[in-house]
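Student: Before anything else, here's the structure in question.
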Amino acid sequence: MGRIAGVTAAETRERLLRAAADVFARRGYEGTRVADIAAAAGVSNGALYAHFGSKAGLLIAALRTHGPRLLDDMLAADPDRPVADLLIAVGRRLQPRRDAGGHLIVEAMVAARRDEDVARPMRGYVGDRADRLAGLVRAAQGGGELDPALSPAAIAHFCLLLALGSALVPPDEHAVDEEEWAALLTRLVAALAPTSPDSTKGSTR
């Protein structure tokens with residue numbers, strides 16, 4: 001079972017990424033063999049290795065392509081949406097979520113604790129997400145929407161902790177009323193707003 005006739009290299013890569021996201025999410029990183037992913041994608045092991053050098057590399061590539069994309073999707077749908085509203089909207093979607101992307105990132109985090117080959121690219125993945133969030137915060141601070149005295153890195157870190165925690169704690173294990181959750185998020189985001197004209201003298205670390 002080699003490369004499928006009539007299928008381009010890009011299409012083969014995408015088939016492998018989709019298969020990897022599904023198999024890793026269902027079986028876990030340790031319980032998945034390269035052969036399992038190749039079989040699910042309908043290609044040979046050799047075809048898989050022609051695109052990805054290792055199982056760890058395939059895991060991170062699948063996470064980048066098919067992992068949680070809630071923030072990116074909302075930004076794409078409404079790029080001019082105020083960041084404060086965006087944070088609340090994303091936070092509201094986290095509480096009831098239990099999707100394949102959530103399972104995938106949990107598997108990547110667990111694998112990163114045990115395998116340095118996974119840990120290194122995971123640090124890059126998380127760092128990229130943090131940088132993206134911090135950039136949004138800086139833009140909102142420049143527009144007077146968020147307090148410039150607050151650290152963009154700290155706000156980004158807090159958002160990442162909330163998002164990753166939502167993947168680890170499924171809603172059926174600790175149910176919270178959606179409206180109560182929304183009220184809490186609204187209060188937290190409101191606390192990030194500028195408190196006074198003097199706050200513009202702060203620094204964005």
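By convention here, the chains of the structure tokens are called A, B, ... in the order presented, each chain's residues are numbered starting at 1, and ligands are numbered starting at 1 in the order presented.
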Determine, counting only C-alpha atoms, which protein, DNA and RNA residues have an atom within 9 Å of an atom of range 21-32 of chain A; residues of the same chain fewer than 6 positions away are not included. Present the result as a PyMOL selection string.

Tutor: chain A and resi 40+55-56+59+62-63+65-67+100-108+110-111

Student: Could those residues be written to a file, using all heavy atoms, as a CSV table (one decimal), in the first residue's frame?

Tutor:
chain,number,residue,atom,x,y,z
A,40,ALA,N,-5.0,4.0,8.8
A,40,ALA,CA,-6.2,4.8,8.8
A,40,ALA,C,-6.3,5.8,7.7
A,40,ALA,O,-7.3,6.2,7.2
A,40,ALA,CB,-6.3,5.6,10.2
A,55,LYS,N,7.0,9.9,14.9
A,55,LYS,CA,5.6,9.9,15.5
A,55,LYS,C,5.4,11.2,16.2
A,55,LYS,O,4.3,11.8,16.2
A,55,LYS,CB,5.4,8.7,16.4
A,55,LYS,CG,4.0,8.6,16.9
A,55,LYS,CD,3.7,7.3,17.6
A,55,LYS,CE,4.2,7.3,19.0
A,55,LYS,NZ,3.7,6.1,19.8
A,56,ALA,N,6.4,11.7,16.9
A,56,ALA,CA,6.3,13.0,17.7
A,56,ALA,C,6.0,14.1,16.7
A,56,ALA,O,5.2,15.0,17.0
A,56,ALA,CB,7.6,13.2,18.5
A,59,LEU,N,2.5,14.1,15.6
A,59,LEU,CA,1.6,14.5,16.7
A,59,LEU,C,1.4,16.0,16.7
A,59,LEU,O,0.3,16.6,16.7
A,59,LEU,CB,2.0,14.0,18.0
A,59,LEU,CG,1.3,14.5,19.3
A,59,LEU,CD1,-0.2,14.1,19.2
A,59,LEU,CD2,1.9,14.1,20.5
A,62,ALA,N,-0.3,17.4,13.6
A,62,ALA,CA,-1.7,17.2,13.7
A,62,ALA,C,-2.3,18.2,14.6
A,62,ALA,O,-3.4,18.7,14.4
A,62,ALA,CB,-2.0,15.8,14.1
A,63,LEU,N,-1.7,18.5,15.7
A,63,LEU,CA,-2.2,19.4,16.7
A,63,LEU,C,-2.3,20.8,16.1
A,63,LEU,O,-3.3,21.5,16.3
A,63,LEU,CB,-1.3,19.5,17.9
A,63,LEU,CG,-1.7,20.4,19.1
A,63,LEU,CD1,-3.1,20.0,19.6
A,63,LEU,CD2,-0.7,20.3,20.2
A,65,THR,N,-2.6,21.6,13.0
A,65,THR,CA,-3.6,21.6,11.9
A,65,THR,C,-5.0,21.3,12.4
A,65,THR,O,-6.0,22.0,11.9
A,65,THR,CB,-3.2,20.6,10.8
A,65,THR,OG1,-1.9,20.8,10.4
A,65,THR,CG2,-4.2,20.7,9.6
A,66,HIS,N,-5.2,20.4,13.3
A,66,HIS,CA,-6.5,19.9,13.7
A,66,HIS,C,-6.8,20.1,15.2
A,66,HIS,O,-7.8,19.5,15.7
A,66,HIS,CB,-6.8,18.5,13.2
A,66,HIS,CG,-6.7,18.3,11.7
A,66,HIS,ND1,-7.7,18.8,10.9
A,66,HIS,CD2,-5.8,17.7,10.9
A,66,HIS,CE1,-7.4,18.6,9.7
A,66,HIS,NE2,-6.3,17.9,9.6
A,67,GLY,N,-5.9,20.8,15.9
A,67,GLY,CA,-6.1,21.0,17.3
A,67,GLY,C,-7.2,22.1,17.5
A,67,GLY,O,-7.8,22.6,16.6
A,100,ALA,N,-12.9,16.6,19.6
A,100,ALA,CA,-11.7,15.9,19.2
A,100,ALA,C,-10.4,16.7,19.4
A,100,ALA,O,-9.4,16.2,19.8
A,100,ALA,CB,-11.8,15.4,17.8
A,101,GLY,N,-10.5,18.0,19.1
A,101,GLY,CA,-9.3,18.9,19.3
A,101,GLY,C,-8.9,18.9,20.8
A,101,GLY,O,-7.7,19.0,21.1
A,102,GLY,N,-9.9,18.9,21.7
A,102,GLY,CA,-9.6,18.9,23.1
A,102,GLY,C,-8.9,17.6,23.5
A,102,GLY,O,-7.9,17.6,24.3
A,103,HIS,N,-9.3,16.5,23.0
A,103,HIS,CA,-8.7,15.2,23.3
A,103,HIS,C,-7.3,15.2,22.8
A,103,HIS,O,-6.3,14.7,23.4
A,103,HIS,CB,-9.5,14.1,22.6
A,103,HIS,CG,-10.8,13.8,23.3
A,103,HIS,ND1,-10.9,13.2,24.5
A,103,HIS,CD2,-12.1,14.0,22.9
A,103,HIS,CE1,-12.2,13.0,24.8
A,103,HIS,NE2,-12.9,13.5,23.9
A,104,LEU,N,-7.1,15.8,21.6
A,104,LEU,CA,-5.7,15.8,21.0
A,104,LEU,C,-4.7,16.6,21.8
A,104,LEU,O,-3.6,16.1,22.0
A,104,LEU,CB,-5.8,16.3,19.6
A,104,LEU,CG,-4.6,16.3,18.7
A,104,LEU,CD1,-4.1,14.8,18.5
A,104,LEU,CD2,-4.8,16.9,17.3
A,105,ILE,N,-5.1,17.7,22.3
A,105,ILE,CA,-4.2,18.5,23.0
A,105,ILE,C,-3.9,17.9,24.4
A,105,ILE,O,-2.7,18.0,24.9
A,105,ILE,CB,-4.6,20.0,23.2
A,105,ILE,CG1,-3.5,20.9,23.6
A,105,ILE,CG2,-5.8,20.1,24.2
A,105,ILE,CD1,-3.7,22.4,23.5
A,106,VAL,N,-4.8,17.2,25.0
A,106,VAL,CA,-4.6,16.5,26.2
A,106,VAL,C,-3.5,15.4,26.0
A,106,VAL,O,-2.6,15.3,26.8
A,106,VAL,CB,-5.9,15.9,26.8
A,106,VAL,CG1,-5.5,14.9,27.9
A,106,VAL,CG2,-6.8,17.0,27.3
A,107,GLU,N,-3.7,14.7,24.9
A,107,GLU,CA,-2.7,13.6,24.6
A,107,GLU,C,-1.3,14.2,24.4
A,107,GLU,O,-0.3,13.7,24.8
A,107,GLU,CB,-3.1,12.8,23.4
A,107,GLU,CG,-4.4,11.9,23.6
A,107,GLU,CD,-4.1,11.0,24.8
A,107,GLU,OE1,-3.0,10.5,25.0
A,107,GLU,OE2,-5.1,10.6,25.5
A,108,ALA,N,-1.3,15.4,23.7
A,108,ALA,CA,0.0,16.0,23.4
A,108,ALA,C,0.7,16.5,24.7
A,108,ALA,O,1.9,16.3,24.9
A,108,ALA,CB,-0.1,17.2,22.5
A,110,VAL,N,0.2,15.2,27.8
A,110,VAL,CA,0.6,14.1,28.5
A,110,VAL,C,1.9,13.5,28.0
A,110,VAL,O,2.9,13.2,28.7
A,110,VAL,CB,-0.5,13.0,28.6
A,110,VAL,CG1,0.0,11.7,29.2
A,110,VAL,CG2,-1.7,13.5,29.4
A,111,ALA,N,2.0,13.4,26.6
A,111,ALA,CA,3.1,12.8,26.0
A,111,ALA,C,4.4,13.7,26.2
A,111,ALA,O,5.5,13.2,26.4
A,111,ALA,CB,2.9,12.7,24.5

Student: Hey, what's within 12 Å of Gly57 in chain A if we count only C-alpha atoms and toss same-chain stuff fewer than 5 positions away? As number ranges by chain, please?

Tutor: A: 17, 20, 29, 34, 48-49, 51-52, 62-64, 108, 112, 115-122, 125

Student: Neighbours of range 131-136 of chain A within 6 Å (only C-alpha atoms; same-chain residues fewer than 6 positions away dropped), as JSON, numbers by chain?

Tutor: {"A": [152, 153, 156]}

Student: Between CA of Ala10 in chain A and CA of Asn45 in chain A, what distance in Å does the model show, to one decimal?

Tutor: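 Value for the CA of Ala10 in chain A-CA of Asn45 in chain A distance: 16.6 Å.
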
Student: Tell me which protein, DNA and RNA residues are within 8 Å of range 86-88 of chain A, counting only C-alpha atoms, leaving out same-chain ones fewer than 6 positions away, and put them as a list in words.

Tutor: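 In the requested format, the answer is Leu71, Met74, Ala182, Leu185, Thr186 and Val189 of chain A.
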
Student: Could you pull out the helix (DSSP H, G or I) residues of chain A from DSSP and send them as an MDAnalysis selection string?

Tutor: chainID A and resid 9:27 34:41 45:51 55:66 70:77 83:94 100:114 116:142 152:168 178:190 197:201
